[in-house]
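S.K.: Supplied structure: final_38.tsv, TSV, C-alpha atoms.
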chain	number	residue	atom	x	y	z
A	109	MET	CA	73.20	170.59	32.42
A	110	ASN	CA	72.51	167.37	30.46
A	111	SER	CA	75.83	165.55	30.52
A	112	THR	CA	77.37	162.49	32.00
A	113	GLN	CA	79.69	164.67	34.12
A	114	SER	CA	76.74	165.92	36.22
A	115	SER	CA	75.24	162.45	36.52
A	116	PRO	CA	75.44	160.63	39.87
A	117	VAL	CA	76.25	157.40	38.02
A	118	THR	CA	80.04	156.97	37.84
A	119	PHE	CA	80.12	153.38	36.61
A	120	PHE	CA	77.94	150.76	34.97
A	121	ILE	CA	77.46	147.15	36.04
A	122	ILE	CA	77.61	144.76	33.08
A	123	GLN	CA	75.07	142.04	33.79
A	124	GLY	CA	76.24	139.77	30.98
A	125	LEU	CA	75.12	136.15	31.17
A	126	ALA	CA	75.04	135.95	34.96
A	127	SER	CA	71.83	133.88	34.85
A	128	LEU	CA	73.68	130.93	33.29
A	129	GLY	CA	75.41	130.03	36.58
A	130	GLU	CA	78.01	127.24	36.26
A	131	LYS	CA	77.58	127.12	32.48
A	132	LYS	CA	79.58	130.35	32.33
A	133	MET	CA	82.87	128.43	32.61
A	134	VAL	CA	81.96	126.37	29.55
A	135	LEU	CA	81.28	129.58	27.62
A	136	PHE	CA	84.51	131.06	28.98
A	137	ILE	CA	86.54	128.22	27.47
A	138	ILE	CA	84.65	128.33	24.15
A	139	PHE	CA	85.02	132.08	23.68
A	140	LEU	CA	88.65	132.07	24.86
A	141	LEU	CA	89.47	129.50	22.19
A	142	ALA	CA	87.47	131.44	19.61
A	143	TYR	CA	89.26	134.69	20.50
A	144	THR	CA	92.66	132.98	20.27
A	145	ILE	CA	91.78	131.59	16.83
A	146	ILE	CA	90.48	134.98	15.66
A	147	LEU	CA	93.70	136.72	16.66
A	148	GLY	CA	95.93	133.93	15.35
A	149	GLY	CA	94.06	133.61	12.05
A	150	ASN	CA	94.01	137.32	11.29
A	151	ILE	CA	97.65	137.82	12.32
A	152	MET	CA	98.52	134.93	10.02
A	153	ILE	CA	96.74	136.64	7.12
A	154	ILE	CA	98.57	139.92	7.73
A	155	TYR	CA	101.97	138.26	8.19
A	156	LEU	CA	101.84	135.63	5.44
A	157	LEU	CA	100.05	137.61	2.73
A	158	GLY	CA	102.47	140.48	2.27
A	159	SER	CA	101.48	141.30	-1.32
A	160	PRO	CA	99.88	144.73	-1.98
A	161	MET	CA	96.93	142.96	-3.66
A	162	TYR	CA	95.82	141.85	-0.18
A	163	PHE	CA	95.77	145.42	1.15
A	164	PHE	CA	91.99	145.35	1.76
A	165	LEU	CA	92.12	141.95	3.41
A	166	HIS	CA	94.85	143.18	5.78
A	167	ASN	CA	92.64	146.07	6.87
A	168	LEU	CA	89.64	143.77	7.31
A	169	SER	CA	91.78	141.56	9.55
A	170	ILE	CA	92.83	144.59	11.63
A	171	VAL	CA	89.17	145.63	12.00
A	172	ASP	CA	88.16	142.11	13.06
A	173	MET	CA	90.89	142.00	15.71
A	174	ILE	CA	89.94	145.40	17.15
A	175	TYR	CA	86.23	144.54	16.98
A	176	THR	CA	86.62	141.35	18.98
A	177	THR	CA	89.18	142.84	21.38
A	178	VAL	CA	86.68	145.55	22.31
A	179	THR	CA	84.06	142.99	23.36
A	180	ILE	CA	85.35	139.46	24.03
A	181	PRO	CA	88.05	140.13	26.71
A	182	ASN	CA	85.55	142.16	28.75
A	183	MET	CA	83.01	139.39	28.37
A	184	LEU	CA	85.59	136.78	29.44
A	185	SER	CA	86.46	138.75	32.57
A	186	GLY	CA	82.75	138.96	33.32
A	187	PHE	CA	82.55	135.16	33.33
A	188	LEU	CA	85.21	135.03	36.06
A	189	THR	CA	83.82	137.72	38.37
A	190	GLU	CA	80.59	138.05	40.28
A	191	VAL	CA	80.17	141.72	39.36
A	192	LYS	CA	81.65	143.26	36.21
A	193	THR	CA	81.86	147.04	36.24
A	194	VAL	CA	83.01	149.66	33.73
A	195	SER	CA	83.45	153.40	34.15
A	196	VAL	CA	81.10	155.74	32.31
A	197	PRO	CA	83.85	157.07	29.97
A	198	GLY	CA	85.11	153.50	29.44
A	199	CYS	CA	81.60	152.40	28.52
A	200	PHE	CA	81.27	155.07	25.84
A	201	ILE	CA	84.73	154.34	24.44
A	202	GLN	CA	83.75	150.69	24.14
A	203	MET	CA	80.44	151.67	22.52
A	204	TYR	CA	82.19	153.91	19.99
A	205	CYS	CA	84.82	151.32	19.05
A	206	PHE	CA	82.21	148.57	18.75
A	207	ILE	CA	79.97	150.54	16.35
A	208	HIS	CA	82.92	152.05	14.45
A	209	MET	CA	84.53	148.69	13.75
A	210	SER	CA	81.22	147.13	12.78
A	211	VAL	CA	80.47	149.82	10.20
A	212	THR	CA	84.07	150.06	8.97
A	213	GLY	CA	84.13	146.29	8.38
A	214	ARG	CA	81.14	146.58	6.05
A	215	ALA	CA	82.65	149.59	4.31
A	216	LEU	CA	85.81	147.55	3.69
A	217	LEU	CA	83.69	144.72	2.27
A	218	THR	CA	82.20	147.34	-0.07
A	219	ALA	CA	85.67	148.44	-1.19
A	220	MET	CA	86.59	144.79	-1.74
A	221	ALA	CA	83.43	144.33	-3.84
A	222	TYR	CA	84.53	147.23	-6.05
A	223	ASP	CA	87.97	145.64	-6.30
A	224	ARG	CA	86.34	142.38	-7.50
A	225	TYR	CA	84.20	144.34	-9.96
A	226	VAL	CA	87.24	145.99	-11.56
A	227	ALA	CA	89.18	142.70	-11.62
A	228	ILE	CA	86.39	140.83	-13.44
A	229	CYS	CA	84.71	143.53	-15.55
A	230	ASN	CA	87.85	145.51	-16.51
A	231	PRO	CA	90.77	143.08	-16.07
A	232	LEU	CA	93.02	144.86	-18.58
A	233	ARG	CA	92.65	148.17	-16.75
A	234	TYR	CA	92.85	146.72	-13.24
A	235	ALA	CA	96.45	147.81	-12.61
A	236	ALA	CA	95.71	151.30	-13.91
A	237	VAL	CA	92.50	151.72	-11.90
A	238	MET	CA	93.39	150.04	-8.59
A	239	THR	CA	96.58	151.96	-7.95
A	240	ARG	CA	98.13	152.37	-4.50
A	241	PRO	CA	96.66	155.90	-4.03
A	242	VAL	CA	93.19	154.68	-5.04
A	243	CYS	CA	93.39	151.78	-2.58
A	244	LEU	CA	94.49	154.17	0.18
A	245	LEU	CA	91.58	156.50	-0.60
A	246	LEU	CA	89.14	153.58	-0.41
A	247	ILE	CA	90.59	152.50	2.95
A	248	ILE	CA	90.49	156.05	4.34
A	249	GLY	CA	86.94	156.39	3.03
A	250	ALA	CA	85.89	153.17	4.77
A	251	TRP	CA	87.30	154.26	8.16
A	252	THR	CA	85.85	157.77	7.74
A	253	PHE	CA	82.42	156.38	6.84
A	254	GLY	CA	82.55	154.26	9.98
A	255	ALA	CA	83.38	157.30	12.12
A	256	ILE	CA	80.60	159.40	10.58
A	257	CYS	CA	77.96	156.72	11.14
A	258	THR	CA	79.18	156.14	14.72
A	259	PHE	CA	79.38	159.74	15.92
A	260	PRO	CA	75.63	160.62	16.23
A	261	THR	CA	74.73	157.60	18.39
A	262	THR	CA	77.70	157.81	20.75
A	263	SER	CA	77.69	161.61	21.06
A	264	MET	CA	74.00	161.63	22.02
A	265	ALA	CA	74.57	158.83	24.53
A	266	MET	CA	77.43	160.77	26.14
A	267	GLN	CA	75.29	163.88	26.57
A	268	ARG	CA	72.51	162.07	28.43
A	269	SER	CA	72.12	161.88	32.22
A	270	TYR	CA	72.29	158.52	33.98
A	271	CYS	CA	70.91	158.68	37.50
A	272	GLY	CA	70.22	155.00	38.16
A	273	PRO	CA	69.75	152.15	37.87
A	274	ASN	CA	73.15	151.44	36.35
A	275	VAL	CA	72.90	147.74	35.33
A	276	VAL	CA	73.52	147.19	31.61
A	277	ARG	CA	71.65	144.07	30.55
A	278	HIS	CA	74.26	142.96	28.04
A	279	CYS	CA	77.82	141.63	27.88
A	280	TRP	CA	79.19	145.04	26.89
A	281	CYS	CA	78.01	148.61	26.48
A	282	ASP	CA	75.51	147.95	23.74
A	283	PRO	CA	73.84	151.26	22.70
A	284	SER	CA	70.24	150.06	23.02
A	285	SER	CA	70.95	148.50	26.44
A	286	VAL	CA	72.67	151.63	27.79
A	287	ARG	CA	69.85	153.79	26.41
A	288	LEU	CA	67.41	152.07	28.78
A	289	LEU	CA	69.29	153.62	31.71
A	290	VAL	CA	68.87	157.24	30.56
A	291	CYS	CA	66.92	159.56	32.85
A	292	GLY	CA	64.53	161.08	30.34
A	293	ASP	CA	62.91	160.53	26.96
A	294	THR	CA	65.13	158.62	24.49
A	295	GLN	CA	62.82	158.55	21.48
A	296	VAL	CA	65.05	160.90	19.48
A	297	ASP	CA	68.11	158.83	20.45
A	298	SER	CA	66.44	155.67	19.18
A	299	ILE	CA	65.48	157.30	15.88
A	300	VAL	CA	69.01	158.66	15.35
A	301	SER	CA	70.59	155.32	16.24
A	302	LEU	CA	68.25	153.41	13.92
A	303	SER	CA	68.80	155.92	11.11
A	304	SER	CA	72.59	155.66	11.42
A	305	ALA	CA	72.40	151.87	11.39
A	306	LEU	CA	70.13	151.84	8.32
A	307	ILE	CA	72.38	154.29	6.48
A	308	ALA	CA	75.42	152.13	7.23
A	309	LEU	CA	73.74	148.85	6.24
A	310	LEU	CA	71.78	150.07	3.23
A	311	THR	CA	74.55	152.21	1.73
A	312	THR	CA	77.15	149.45	1.87
A	313	GLY	CA	74.61	146.75	1.02
A	314	VAL	CA	73.33	148.55	-2.09
A	315	LEU	CA	76.86	149.25	-3.34
A	316	ILE	CA	77.92	145.63	-2.82
A	317	LEU	CA	74.74	144.36	-4.51
A	318	THR	CA	75.29	146.72	-7.45
A	319	SER	CA	78.87	145.48	-7.85
A	320	TYR	CA	77.75	141.86	-7.93
A	321	ILE	CA	74.88	142.55	-10.33
A	322	LEU	CA	77.39	144.06	-12.76
A	323	ILE	CA	79.75	141.15	-12.13
A	324	GLY	CA	76.90	138.71	-12.77
A	325	VAL	CA	76.06	140.41	-16.10
A	326	LYS	CA	79.72	140.18	-17.12
A	327	ILE	CA	80.03	136.52	-16.05
A	328	ALA	CA	76.92	135.62	-18.05
A	329	LYS	CA	78.79	136.61	-21.22
A	330	MET	CA	81.89	134.53	-20.41
A	331	GLY	CA	82.87	131.04	-21.38
A	332	ALA	CA	82.80	128.12	-18.95
A	333	ALA	CA	86.51	128.36	-17.99
A	334	GLN	CA	86.31	132.13	-17.48
A	335	ARG	CA	83.18	131.75	-15.37
A	336	LEU	CA	84.88	129.26	-13.10
A	337	LYS	CA	87.84	131.59	-12.63
A	338	ALA	CA	85.53	134.55	-11.93
A	339	PHE	CA	83.51	132.55	-9.40
A	340	SER	CA	86.70	131.51	-7.60
A	341	THR	CA	87.74	135.17	-7.45
A	342	CYS	CA	84.47	136.19	-5.78
A	343	ALA	CA	83.61	133.09	-3.72
A	344	ALA	CA	85.36	133.97	-0.45
A	345	HIS	CA	84.25	137.60	-0.44
A	346	LEU	CA	80.66	136.74	-1.36
A	347	THR	CA	80.54	134.13	1.42
A	348	VAL	CA	81.80	136.62	4.01
A	349	VAL	CA	79.32	139.27	2.83
A	350	SER	CA	76.41	136.82	2.99
A	351	ILE	CA	77.29	135.71	6.52
A	352	SER	CA	77.88	139.28	7.72
A	353	TYR	CA	74.63	140.77	6.43
A	354	SER	CA	72.39	137.79	7.19
A	355	SER	CA	73.67	137.57	10.77
A	356	ALA	CA	73.31	141.37	11.22
A	357	SER	CA	69.70	141.12	10.03
A	358	PHE	CA	69.02	138.27	12.44
A	359	VAL	CA	70.48	140.26	15.35
A	360	TYR	CA	68.27	143.23	14.47
A	361	ILE	CA	65.17	140.99	14.38
A	362	SER	CA	66.17	139.41	17.71
A	363	TYR	CA	66.27	142.84	19.37
A	364	ARG	CA	62.61	143.28	18.48
A	365	SER	CA	61.19	139.81	19.16
A	366	LEU	CA	63.32	137.68	21.53
A	367	LYS	CA	63.77	137.66	25.29
A	368	VAL	CA	66.67	139.59	26.79
A	369	CYS	CA	68.80	136.55	27.65
A	370	VAL	CA	68.33	135.03	24.17
A	371	ARG	CA	69.02	138.41	22.58
A	372	ILE	CA	72.30	138.71	24.47
A	373	ILE	CA	73.40	135.23	23.38
A	374	VAL	CA	72.54	136.00	19.74
A	375	SER	CA	74.48	139.28	19.91
A	376	VAL	CA	77.48	137.58	21.53
A	377	LEU	CA	77.55	134.87	18.88
A	378	TYR	CA	77.28	137.49	16.14
A	379	SER	CA	80.24	139.44	17.53
A	380	ALA	CA	82.41	136.31	17.46
A	381	VAL	CA	81.17	134.22	14.54
A	382	THR	CA	81.88	136.62	11.66
A	383	PRO	CA	85.47	137.53	12.73
A	384	PHE	CA	86.03	133.82	13.49
A	385	LEU	CA	84.87	132.67	10.05
A	386	ASN	CA	86.62	135.36	8.00
A	387	PRO	CA	90.18	133.95	8.28
A	388	VAL	CA	88.82	130.40	7.95
A	389	ILE	CA	86.96	131.22	4.71
A	390	TYR	CA	89.84	133.15	3.18
A	391	SER	CA	92.28	130.40	4.19
A	392	LEU	CA	90.18	127.73	2.48
A	393	ARG	CA	89.65	129.76	-0.70
A	394	ASN	CA	93.09	131.37	-1.06
A	395	LYS	CA	95.76	129.19	-2.65
A	396	GLU	CA	98.54	131.68	-1.89
A	397	LEU	CA	97.66	131.71	1.80
A	398	ARG	CA	97.56	127.92	1.96
A	399	ALA	CA	100.93	127.78	0.20
A	400	ALA	CA	102.37	130.39	2.58
A	401	ILE	CA	101.16	128.38	5.59
A	402	LYS	CA	102.80	125.24	4.18
A	403	ARG	CA	106.07	127.12	3.58
A	404	ALA	CA	106.01	128.51	7.12
A	405	PHE	CA	105.50	125.03	8.60
A	406	CYS	CA	108.18	123.57	6.33
A	407	ARG	CA	110.66	126.25	7.40
A	408	HIS	CA	109.86	125.58	11.03
A	409	ARG	CA	110.26	121.83	10.51
A	410	ASP	CA	113.54	122.29	8.62
A	411	VAL	CA	114.98	124.70	11.19
A	412	SER	CA	114.03	122.63	14.24
A	413	PRO	CA	116.20	119.55	13.45
A	414	GLN	CA	119.09	121.84	12.57
A	415	GLY	CA	118.68	123.57	15.90
A	416	HIS	CA	118.63	120.23	17.71
A	417	LYS	CA	121.71	119.12	15.76
A	418	THR	CA	123.56	122.29	16.78
A	419	LEU	CA	122.64	121.80	20.41
A	420	ASN	CA	123.81	118.16	20.28
A	421	THR	CA	127.14	119.22	18.70
A	422	LEU	CA	127.71	121.85	21.39
A	423	SER	CA	126.93	119.38	24.14
Any chance you could give the structure as structure tokens?

M.R.:
Amino acid sequence: MNSTQSSPVTFFIIQGLASLGEKKMVLFIIFLLAYTIILGGNIMIIYLLGSPMYFFLHNLSIVDMIYTTVTIPNMLSGFLTEVKTVSVPGCFIQMYCFIHMSVTGRALLTAMAYDRYVAICNPLRYAAVMTRPVCLLLIIGAWTFGAICTFPTTSMAMQRSYCGPNVVRHCWCDPSSVRLLVCGDTQVDSIVSLSSALIALLTTGVLILTSYILIGVKIAKMGAAQRLKAFSTCAAHLTVVSISYSSASFVYISYRSLKVCVRIIVSVLYSAVTPFLNPVIYSLRNKELRAAIKRAFCRHRDVSPQGHKTLNTLS
């Protein structure tokens, strides 16, 4: 029987960046700060931007928080312990969530690209086209697409036998790193995994590119003032898309050409940089978010003296 239940391996050892020695504490502080900013920034977006027009951005923030929570806390605990272990079921749950959130994030960026296309190319019909049910369907489609692209890789990994060694040369249960521990031929697994990744990247990439080509054609026919407004509408999303796809391409190249330790560092940075930059980029480009942050700070500043005054009166 070819399943993990019959395998003698009951847990995996996550090697992580053990070779860095004392430098691990420096990385621990850096990634702890980064994780705190990622959570704080995305929670701020969800809390302060309550308008329905930011429905897609809210979901992207949720995906970023889940994505980083799947990987960074485990990596942080690995910095503090000599040996970091994870159960076999826990490893596959982490693998599934990691791939699912990665693909879903790109699918949401695709939905946001379509939203920008409608807003710029059909502004008068925007309210009629981008209704609440349509937005919900796009969100459900993004999460479903992520699940479909994730299922083949993780299901095949779960059905394999792992009879030792059990050291995963990564900071989490990365599919390609876990695949090296399979007892048997994994050529089919590699082809399926690569095919799923290409489908996810190319499908979303082509749709986003098509949306921006149509937007570019429309902008070319606009006046200077309209062009500036259209560019400001797309700037944040286009920046996030560029960073996401360029970094994903670099990670893929690193898996084929760089040493293991360098590859792990590149993958770790990729998992943190994009979710870290998303709230920063949208905060810088979104006037409503900046105004909401100012109002929140002003309310806090106005309430604090009143609270102190009340305490002084009571005393």

S.K.: Mind checking which residues fall within 9 Å of Gly313 (chain A), counting only C-alpha atoms, ignoring those fewer than 3 positions away in the same chain, and posting them as a PyMOL selection string?

M.R.: chain A and resi 214+218+308-310+316-318+353

S.K.: Which value, in Å to one decimal, gives the distance between CA of Arg224 (chain A) and CA of Leu147 (chain A)?

M.R.: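 Pair CA of Arg224 (chain A) / CA of Leu147 (chain A) returns 25.9 Å.
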
S.K.: Can you measure CA of Phe384 (chain A) to CA of Gln202 (chain A) for me? One decimal in Å is fine.

M.R.: 20.1 Å

S.K.: Figure out the distance between CA of Thr212 (chain A) and CA of Ile170 (chain A), please, to one decimal in Å.

M.R.: 10.7 Å

S.K.: Pick out the closest residue to Phe259 (chain A) from this set: A:Ala328, A:Ile207, A:Ile153, A:Ile137. Count all atoms listed in the file.

M.R.: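 Result for the nearest residue to Phe259 (chain A): A:Ile207.
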
S.K.: May I have a table of the residues of region 133-211 of chain A lying at most 8 Å from region 254-257 of chain A, giving each one's closest pair of atoms and their distance in Å to one decimal, counting all atoms listed in the file, ordered by chain and ascending residue number, as a Markdown table?

M.R.:
| residue | atom | partner | partner_atom | distance |
| --- | --- | --- | --- | --- |
| A:Ile207 | CA | A:Gly254 | CA | 7.8 |
| A:His208 | CA | A:Gly254 | CA | 5.0 |
| A:Met209 | CA | A:Gly254 | CA | 7.0 |
| A:Ser210 | CA | A:Gly254 | CA | 7.8 |
| A:Val211 | CA | A:Gly254 | CA | 4.9 |

S.K.: May I ask which of the residues A:Trp280, A:Tyr225, A:Tyr270, A:Tyr390 is the closest one to Leu315 (chain A), counting all atoms listed in the file?

M.R.: A:Tyr225

S.K.: Determine, counting all atoms listed in the file, which protein, DNA and RNA residues have an atom within 8 Å of an atom of Val196 (chain A); residues of the same chain fewer than 3 positions away are not included. Present the result as a list in words.

M.R.: Thr112, Val117, Thr118, Phe119, Phe120, Cys199 and Phe200 of chain A

S.K.: Restricting the calculation to all atoms listed in the file: of A:Ala332, A:Ala215, A:Pro283, A:Val359, which residue gets closest to Thr311 (chain A)?

M.R.: A:Ala215

S.K.: Let me know the centre plus edge lengths, in Å and rounded to one decimal, of a box with edges along x, y and z that contains all listed atoms of region 262-269 of chain A and is padded by 6 Å on every side, as AutoDock Vina command-line options.

M.R.:
--center_x 74.9 --center_y 160.8 --center_z 26.5 --size_x 17.6 --size_y 18.1 --size_z 23.5

S.K.: Using the structure block above, produce a file of region 119-231 of chain A that contains C-alpha atoms, as a PDB file, in the first residue's frame.

M.R.:
ATOM      1  CA  PHE A 119       7.574  13.177  11.424  1.00  0.00           C
ATOM      2  CA  PHE A 120       9.863  15.389   9.381  1.00  0.00           C
ATOM      3  CA  ILE A 121      12.823  17.430  10.611  1.00  0.00           C
ATOM      4  CA  ILE A 122      12.839  20.945   9.155  1.00  0.00           C
ATOM      5  CA  GLN A 123      16.472  21.824   8.552  1.00  0.00           C
ATOM      6  CA  GLY A 124      15.803  25.496   7.852  1.00  0.00           C
ATOM      7  CA  LEU A 125      18.798  27.814   8.038  1.00  0.00           C
ATOM      8  CA  ALA A 126      20.666  25.856  10.699  1.00  0.00           C
ATOM      9  CA  SER A 127      23.982  26.466   8.916  1.00  0.00           C
ATOM     10  CA  LEU A 128      23.833  30.195   9.718  1.00  0.00           C
ATOM     11  CA  GLY A 129      24.682  29.640  13.408  1.00  0.00           C
ATOM     12  CA  GLU A 130      24.481  32.802  15.537  1.00  0.00           C
ATOM     13  CA  LYS A 131      23.154  34.833  12.608  1.00  0.00           C
ATOM     14  CA  LYS A 132      19.823  33.081  13.130  1.00  0.00           C
ATOM     15  CA  MET A 133      18.908  35.472  15.968  1.00  0.00           C
ATOM     16  CA  VAL A 134      19.389  38.451  13.652  1.00  0.00           C
ATOM     17  CA  LEU A 135      17.057  36.817  11.126  1.00  0.00           C
ATOM     18  CA  PHE A 136      14.625  35.980  13.923  1.00  0.00           C
ATOM     19  CA  ILE A 137      14.301  39.657  14.856  1.00  0.00           C
ATOM     20  CA  ILE A 138      14.014  40.779  11.214  1.00  0.00           C
ATOM     21  CA  PHE A 139      11.308  38.276  10.305  1.00  0.00           C
ATOM     22  CA  LEU A 140       9.430  38.806  13.578  1.00  0.00           C
ATOM     23  CA  LEU A 141       9.234  42.527  12.815  1.00  0.00           C
ATOM     24  CA  ALA A 142       8.252  41.796   9.220  1.00  0.00           C
ATOM     25  CA  TYR A 143       5.508  39.391  10.336  1.00  0.00           C
ATOM     26  CA  THR A 144       4.169  41.937  12.832  1.00  0.00           C
ATOM     27  CA  ILE A 145       4.055  44.618  10.126  1.00  0.00           C
ATOM     28  CA  ILE A 146       2.371  42.227   7.676  1.00  0.00           C
ATOM     29  CA  LEU A 147      -0.375  41.380  10.159  1.00  0.00           C
ATOM     30  CA  GLY A 148      -0.769  44.972  11.345  1.00  0.00           C
ATOM     31  CA  GLY A 149      -0.805  46.431   7.834  1.00  0.00           C
ATOM     32  CA  ASN A 150      -3.332  43.974   6.448  1.00  0.00           C
ATOM     33  CA  ILE A 151      -5.597  44.204   9.504  1.00  0.00           C
ATOM     34  CA  MET A 152      -5.465  47.981   9.106  1.00  0.00           C
ATOM     35  CA  ILE A 153      -6.597  47.679   5.480  1.00  0.00           C
ATOM     36  CA  ILE A 154      -9.511  45.410   6.418  1.00  0.00           C
ATOM     37  CA  TYR A 155     -10.565  47.538   9.399  1.00  0.00           C
ATOM     38  CA  LEU A 156     -10.135  51.033   7.959  1.00  0.00           C
ATOM     39  CA  LEU A 157     -11.338  50.418   4.396  1.00  0.00           C
ATOM     40  CA  GLY A 158     -14.872  49.251   5.058  1.00  0.00           C
ATOM     41  CA  SER A 159     -16.305  50.274   1.677  1.00  0.00           C
ATOM     42  CA  PRO A 160     -17.588  47.473  -0.620  1.00  0.00           C
ATOM     43  CA  MET A 161     -15.321  48.804  -3.396  1.00  0.00           C
ATOM     44  CA  TYR A 162     -12.362  47.384  -1.445  1.00  0.00           C
ATOM     45  CA  PHE A 163     -13.870  43.893  -1.329  1.00  0.00           C
ATOM     46  CA  PHE A 164     -11.051  42.382  -3.426  1.00  0.00           C
ATOM     47  CA  LEU A 165      -8.362  44.138  -1.420  1.00  0.00           C
ATOM     48  CA  HIS A 166      -9.857  42.776   1.820  1.00  0.00           C
ATOM     49  CA  ASN A 167      -9.633  39.230   0.468  1.00  0.00           C
ATOM     50  CA  LEU A 168      -6.066  39.784  -0.736  1.00  0.00           C
ATOM     51  CA  SER A 169      -5.162  40.947   2.771  1.00  0.00           C
ATOM     52  CA  ILE A 170      -6.746  37.814   4.277  1.00  0.00           C
ATOM     53  CA  VAL A 171      -4.777  35.616   1.854  1.00  0.00           C
ATOM     54  CA  ASP A 172      -1.521  37.421   2.703  1.00  0.00           C
ATOM     55  CA  MET A 173      -2.089  36.930   6.427  1.00  0.00           C
ATOM     56  CA  ILE A 174      -2.853  33.210   6.054  1.00  0.00           C
ATOM     57  CA  TYR A 175       0.054  32.765   3.631  1.00  0.00           C
ATOM     58  CA  THR A 176       2.601  34.250   6.012  1.00  0.00           C
ATOM     59  CA  THR A 177       1.067  32.612   9.096  1.00  0.00           C
ATOM     60  CA  VAL A 178       1.528  29.200   7.470  1.00  0.00           C
ATOM     61  CA  THR A 179       5.271  29.747   7.022  1.00  0.00           C
ATOM     62  CA  ILE A 180       6.825  32.507   9.142  1.00  0.00           C
ATOM     63  CA  PRO A 181       5.819  31.398  12.700  1.00  0.00           C
ATOM     64  CA  ASN A 182       7.176  27.903  12.012  1.00  0.00           C
ATOM     65  CA  MET A 183      10.358  29.419  10.646  1.00  0.00           C
ATOM     66  CA  LEU A 184      10.685  31.674  13.710  1.00  0.00           C
ATOM     67  CA  SER A 185      10.317  28.721  16.075  1.00  0.00           C
ATOM     68  CA  GLY A 186      12.999  26.941  14.062  1.00  0.00           C
ATOM     69  CA  PHE A 187      15.411  29.802  14.774  1.00  0.00           C
ATOM     70  CA  LEU A 188      14.932  29.257  18.521  1.00  0.00           C
ATOM     71  CA  THR A 189      15.278  25.466  18.626  1.00  0.00           C
ATOM     72  CA  GLU A 190      18.081  23.114  17.727  1.00  0.00           C
ATOM     73  CA  VAL A 191      15.754  20.657  15.984  1.00  0.00           C
ATOM     74  CA  LYS A 192      12.438  21.684  14.407  1.00  0.00           C
ATOM     75  CA  THR A 193      10.046  18.828  13.735  1.00  0.00           C
ATOM     76  CA  VAL A 194       6.597  18.570  12.154  1.00  0.00           C
ATOM     77  CA  SER A 195       4.247  15.601  11.923  1.00  0.00           C
ATOM     78  CA  VAL A 196       3.593  14.051   8.530  1.00  0.00           C
ATOM     79  CA  PRO A 197      -0.082  15.210   8.429  1.00  0.00           C
ATOM     80  CA  GLY A 198       0.986  18.649   9.689  1.00  0.00           C
ATOM     81  CA  CYS A 199       3.569  18.865   6.926  1.00  0.00           C
ATOM     82  CA  PHE A 200       0.997  18.180   4.219  1.00  0.00           C
ATOM     83  CA  ILE A 201      -1.492  20.634   5.726  1.00  0.00           C
ATOM     84  CA  GLN A 202       1.213  23.290   5.657  1.00  0.00           C
ATOM     85  CA  MET A 203       2.105  22.357   2.075  1.00  0.00           C
ATOM     86  CA  TYR A 204      -1.529  22.590   0.966  1.00  0.00           C
ATOM     87  CA  CYS A 205      -2.147  25.949   2.638  1.00  0.00           C
ATOM     88  CA  PHE A 206       1.104  27.388   1.280  1.00  0.00           C
ATOM     89  CA  ILE A 207       0.338  26.469  -2.354  1.00  0.00           C
ATOM     90  CA  HIS A 208      -3.370  27.302  -2.045  1.00  0.00           C
ATOM     91  CA  MET A 209      -2.743  30.802  -0.710  1.00  0.00           C
ATOM     92  CA  SER A 210      -0.033  31.459  -3.280  1.00  0.00           C
ATOM     93  CA  VAL A 211      -2.301  30.560  -6.203  1.00  0.00           C
ATOM     94  CA  THR A 212      -5.385  32.226  -4.695  1.00  0.00           C
ATOM     95  CA  GLY A 213      -3.434  35.467  -4.240  1.00  0.00           C
ATOM     96  CA  ARG A 214      -2.650  35.555  -7.961  1.00  0.00           C
ATOM     97  CA  ALA A 215      -6.237  34.689  -8.840  1.00  0.00           C
ATOM     98  CA  LEU A 216      -7.398  37.624  -6.704  1.00  0.00           C
ATOM     99  CA  LEU A 217      -4.922  39.892  -8.504  1.00  0.00           C
ATOM    100  CA  THR A 218      -6.541  38.680 -11.740  1.00  0.00           C
ATOM    101  CA  ALA A 219     -10.007  39.575 -10.443  1.00  0.00           C
ATOM    102  CA  MET A 220      -8.681  42.988  -9.400  1.00  0.00           C
ATOM    103  CA  ALA A 221      -7.235  43.471 -12.909  1.00  0.00           C
ATOM    104  CA  TYR A 222     -10.692  42.816 -14.370  1.00  0.00           C
ATOM    105  CA  ASP A 223     -12.137  45.293 -11.878  1.00  0.00           C
ATOM    106  CA  ARG A 224      -9.643  47.930 -13.106  1.00  0.00           C
ATOM    107  CA  TYR A 225     -10.485  47.081 -16.717  1.00  0.00           C
ATOM    108  CA  VAL A 226     -14.208  47.675 -16.161  1.00  0.00           C
ATOM    109  CA  ALA A 227     -13.560  50.872 -14.172  1.00  0.00           C
ATOM    110  CA  ILE A 228     -11.397  52.407 -16.924  1.00  0.00           C
ATOM    111  CA  CYS A 229     -12.835  50.947 -20.138  1.00  0.00           C
ATOM    112  CA  ASN A 230     -16.530  50.964 -19.144  1.00  0.00           C
ATOM    113  CA  PRO A 231     -16.823  53.542 -16.331  1.00  0.00           C
TER     114      PRO A 231
END
